[in-house]
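Below is one structure, written out as structure tokens; comments come after it.
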Amino acid sequence: MVNSSVGKKLWGSALVACLMFGLTACGSNSDNSNSGNAANAGNAANAGNATNNAANKGNAANASNNANATDASSDAAKLDPVTLTWYYLGPAGQADIGSVEDAVNKITQEKINATVKLKPIDGGEYNQRMNTIAASGEAYDISWTANWLFDYVGNANKGVFLPLDDLLDKYGAELKASLPEFMWEQVKVGGKIYGVPNYQSVTGREGYVFPQEIIDKYKLDLSTVKKFEDITPMLDTIKKAEPKQSPIVMDRNGMFGYLINSQGIDSIPVTSQNPVGFYNTDDSVKLFNVYATPEFKHYTEVVRDWYQKGYINPDAPTNKSVDDVTKAGQGYITYSNGLNPGSEVSMSNNRYNAKPVVFAPLTNFLISSNPGIATVNSISANSKNPERAMMFLNLVNTDKDLYNLLSFGIEGKHYTKVNDNTIKAIPDSGYNNNNPWVFGDTFNGYLQDGQAADTFDVQKQTNDSATPTKIVGFKFDTSSLTAEIANVQSVLDEYMPGLSTGAVDPAKKLPDMLDRLQKAGLDKIVAEAQKQVDAWKANK
């Protein structure tokens with residue numbers, strides 16, 4: 001899931017994604033990942049209970065609403081034809097996305113008389129592209145958003161997204177009834193719902209992803225990997241044997257954000273590389289600039305050494321997708337904050353051309369921040385067809401055929417059936433999206449070949465047993481900080497690709513970045529976040 005920096009909240013809180021399919025909501029690449037219970041922030045067990053009871057909730061109470069939704073969409077011929085535009089996180093270079101879009105539109109035209117334009121954007125440029133699109137006033141209809149990329153709460157407060165409460169009741173009651181109540185609580189901003197949460201495993205676990213063939217070839221002992229730098233001898237071994245290869249692969253986001261909890265730090269989503277954090281052993285939650293910590297300084301020094309020795313792909317500071325490098329056979333080890341049950345298979349498909357992988361976790365399973373907003377689809381305030389957009393989101397989350405089509409493509413062309421519930425991707429088919437947590441309720445999806453039959457059950461059990469971090473349920477209202485956040489983001493965009501991938505000397509560039517962050521207003525952001533955290537804690 002919501003692989004939820006870019007990091008834990010960066011590119012796959014994929015966390016969550018990232019979430020848990022290789023973002024899982026959540027990791028860090030084009031497969032992002034990560035993902036509590038906002039209503040009961042400290043009670044992670046309620047998440048699983050809500051999961052198990054979701055199918056039984058609200059049927060009677062929502063009966064009339066369901067009828068309204070059915071009336072609204074049952075006779076597509078009575079609806080005027082519309083075209084919907086959907087921007088979402090995903091690999092932009094899919095050669096056969098056109099055939100998937102055509103198949104999607106056969107379903108949507110029949111059921112809601114809508115044509116959908118699929119607009120995937122690579123993870124490395126998603127935040128910048130979507131901020132530009134939102135600022136332009138473009139009349140698109142739906143966008144994927146999160147607490148770690150294209151800031152859900154901040155954009156809701158700025159009016160980028162429509163409040164959905166009335167639309168859900170009229171056109172999405174089936175969807176509303178299908179999800180646990182805690183998920184709807186988590187997407188509320190100021191008491192209103194601004195997005196449809198993509199239900200999935202709500203935990204995250206940080207660490208490395210190793211191709212099995214590399215472990216076997218070089219007899220690597222993953223039990224020795226306790227800290228992020230412990231793979232250094234392995235990188236050296238691989239590089240000496242294969243000097244033209246990149247032992248570890250990064251994109252422009254680097255990996256600090258994805259492995260931030262392994263550094264003893266948790267962060268609050270503010271920008272795409274979250275600069276506001278606290279030590280996760282600190283019950284008082286005293287906030288600070290993450291990039292002024294000894295941990296980040298140490299990280300930059302380690303990856304600088306790696307980069308100079310050729311361990312990291314040389315194009316890392318400009319690379320948009322880790323997947324592209326590994327799929328091309330130009331690198332090996334990757335990283336994620338979405339090392340969750342069953343995600344080995346999706347990681348394998350998404351990054352390694354279906355070759356087996358093994359995880360080297362650096363943390364236990366965590367529920368961080370607000371997993372319910374680690375992967376969300378929202379309707380633009382500039383949409384010309386918000387009612388039809390809601391009908392479409394209702395359909396994506398309740399029509400398993402449509403959801404699996406978006407997630408995996410067309411049977412026989414992009415995947416084959418192993419059995420009724422399990423599929424096997426066809427290599428080089430032209431559509432290998434493998435980010436199911438981007439589209440909708442992942443528990444409506446197929447299992448992938450190699451995943452155990454009980455994978456979804458284990459994910460739900462993990463939801464119950466994972467450790468919630470200390471700010472689960474807190475939502476940072478950044479509406480008074482628009483200028484400061486934009487300025488801070490600009491500084492991070494300038495400096496972080498080089499620092500986080502080791503491409504520049506931290507002794508020279510890190511002090512410059514810290515000075516620029518302070519002048520951009522980061523101290524004001526930290527102070528306001530601290531004020532809100534203290535108030536939130538006092539009211540718990």
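For the structure tokens, the naming scheme is as follows: chains receive sequential letters (A, B, ...) according to their order of presentation, residues are indexed from 1 within each chain, and ligands are indexed from 1 in presentation order.
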For stretch 280-290 of chain A, find every residue with an atom within 7 Å (counting only C-alpha atoms), except residues of its own chain fewer than 5 positions away, and show them as a ChimeraX atom specification. /A:264-266,275,526,530
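Secondary structure from DSSP on the backbone puts strand (DSSP E or B) at the following positions of stretch 396-483 of chain A: Glu411, Tyr415, Thr416, Lys417, Val418, Asn419, Thr422, Ile423, Lys424, Ala425, Leu447, Gln448, Thr467 and Pro468 of chain A.
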Leaving out A:Ile107 and any residue of its chain fewer than 5 positions from it, which residues lie within 10 Å of it when counting only C-alpha atoms, given as a ChimeraX atom specification? /A:102,112-115,395,399,401-402
Tell me which protein, DNA and RNA residues are within 9 Å of A:Gly329, counting only C-alpha atoms, leaving out same-chain ones fewer than 3 positions away, and put them as a ChimeraX atom specification. /A:245,324-326,332,352
Members of stretch 297-374 of chain A assigned alpha helix (DSSP H) by DSSP, as an NGL selection string: :A and (297-308 or 322-327 or 343-351)
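Between A:Lys192 and the candidates A:Pro233, A:Gly207, A:Pro163, A:Gly123, the tightest atom-to-atom separation, counting only C-alpha atoms, involves A:Pro163.
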Mind checking which residues fall within 6 Å of stretch 361-378 of chain A, counting only C-alpha atoms, ignoring those fewer than 6 positions away in the same chain, and posting them as a PyMOL selection string? chain A and resi 2+4+13+16+25+35-36+142-147+183+186-187+195-198+202-207+226+262+466-469+471-473
List the neighbours of A:Ser480 out to 10 Å using only C-alpha atoms; skip same-chain residues closer than 5 positions along the sequence, and give me the result as a ChimeraX atom specification. /A:154,157-158,485,525,528
Emit the selected residues as an mmCIF file, in the first residue's frame, including N, CA and C atoms.
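Printed below is result26.cif as written:
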data_model
loop_
_atom_site.group_PDB
_atom_site.id
_atom_site.type_symbol
_atom_site.label_atom_id
_atom_site.label_comp_id
_atom_site.auth_asym_id
_atom_site.auth_seq_id
_atom_site.Cartn_x
_atom_site.Cartn_y
_atom_site.Cartn_z
ATOM 1 N N GLY A 154 -4.011 19.802 3.374
ATOM 2 C CA GLY A 154 -3.724 21.164 2.954
ATOM 3 C C GLY A 154 -4.555 21.590 1.758
ATOM 4 N N ASN A 157 -8.192 22.165 2.722
ATOM 5 C CA ASN A 157 -8.350 23.452 3.391
ATOM 6 C C ASN A 157 -8.235 24.631 2.417
ATOM 7 N N LYS A 158 -7.478 24.444 1.340
ATOM 8 C CA LYS A 158 -7.311 25.519 0.360
ATOM 9 C C LYS A 158 -8.445 25.562 -0.666
ATOM 10 N N ILE A 485 4.880 27.142 3.322
ATOM 11 C CA ILE A 485 4.995 25.786 2.794
ATOM 12 C C ILE A 485 5.470 25.811 1.351
ATOM 13 N N ILE A 525 6.479 27.084 10.573
ATOM 14 C CA ILE A 525 5.705 25.854 10.349
ATOM 15 C C ILE A 525 5.834 24.929 11.553
ATOM 16 N N GLU A 528 3.771 26.302 14.517
ATOM 17 C CA GLU A 528 2.328 26.118 14.358
ATOM 18 C C GLU A 528 1.949 24.644 14.505
#
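Near A:Asn432, within 9 Å and counting only C-alpha atoms, sit Pro91, Gln94, Asn349, Asn350, Ser407, Phe408, Gly409, His414, Ala425, Ile426, Pro427, Asp428, Ser429, Gly430, Asn434 and Asn435 of chain A, not including residues fewer than 2 positions from it in the same chain.
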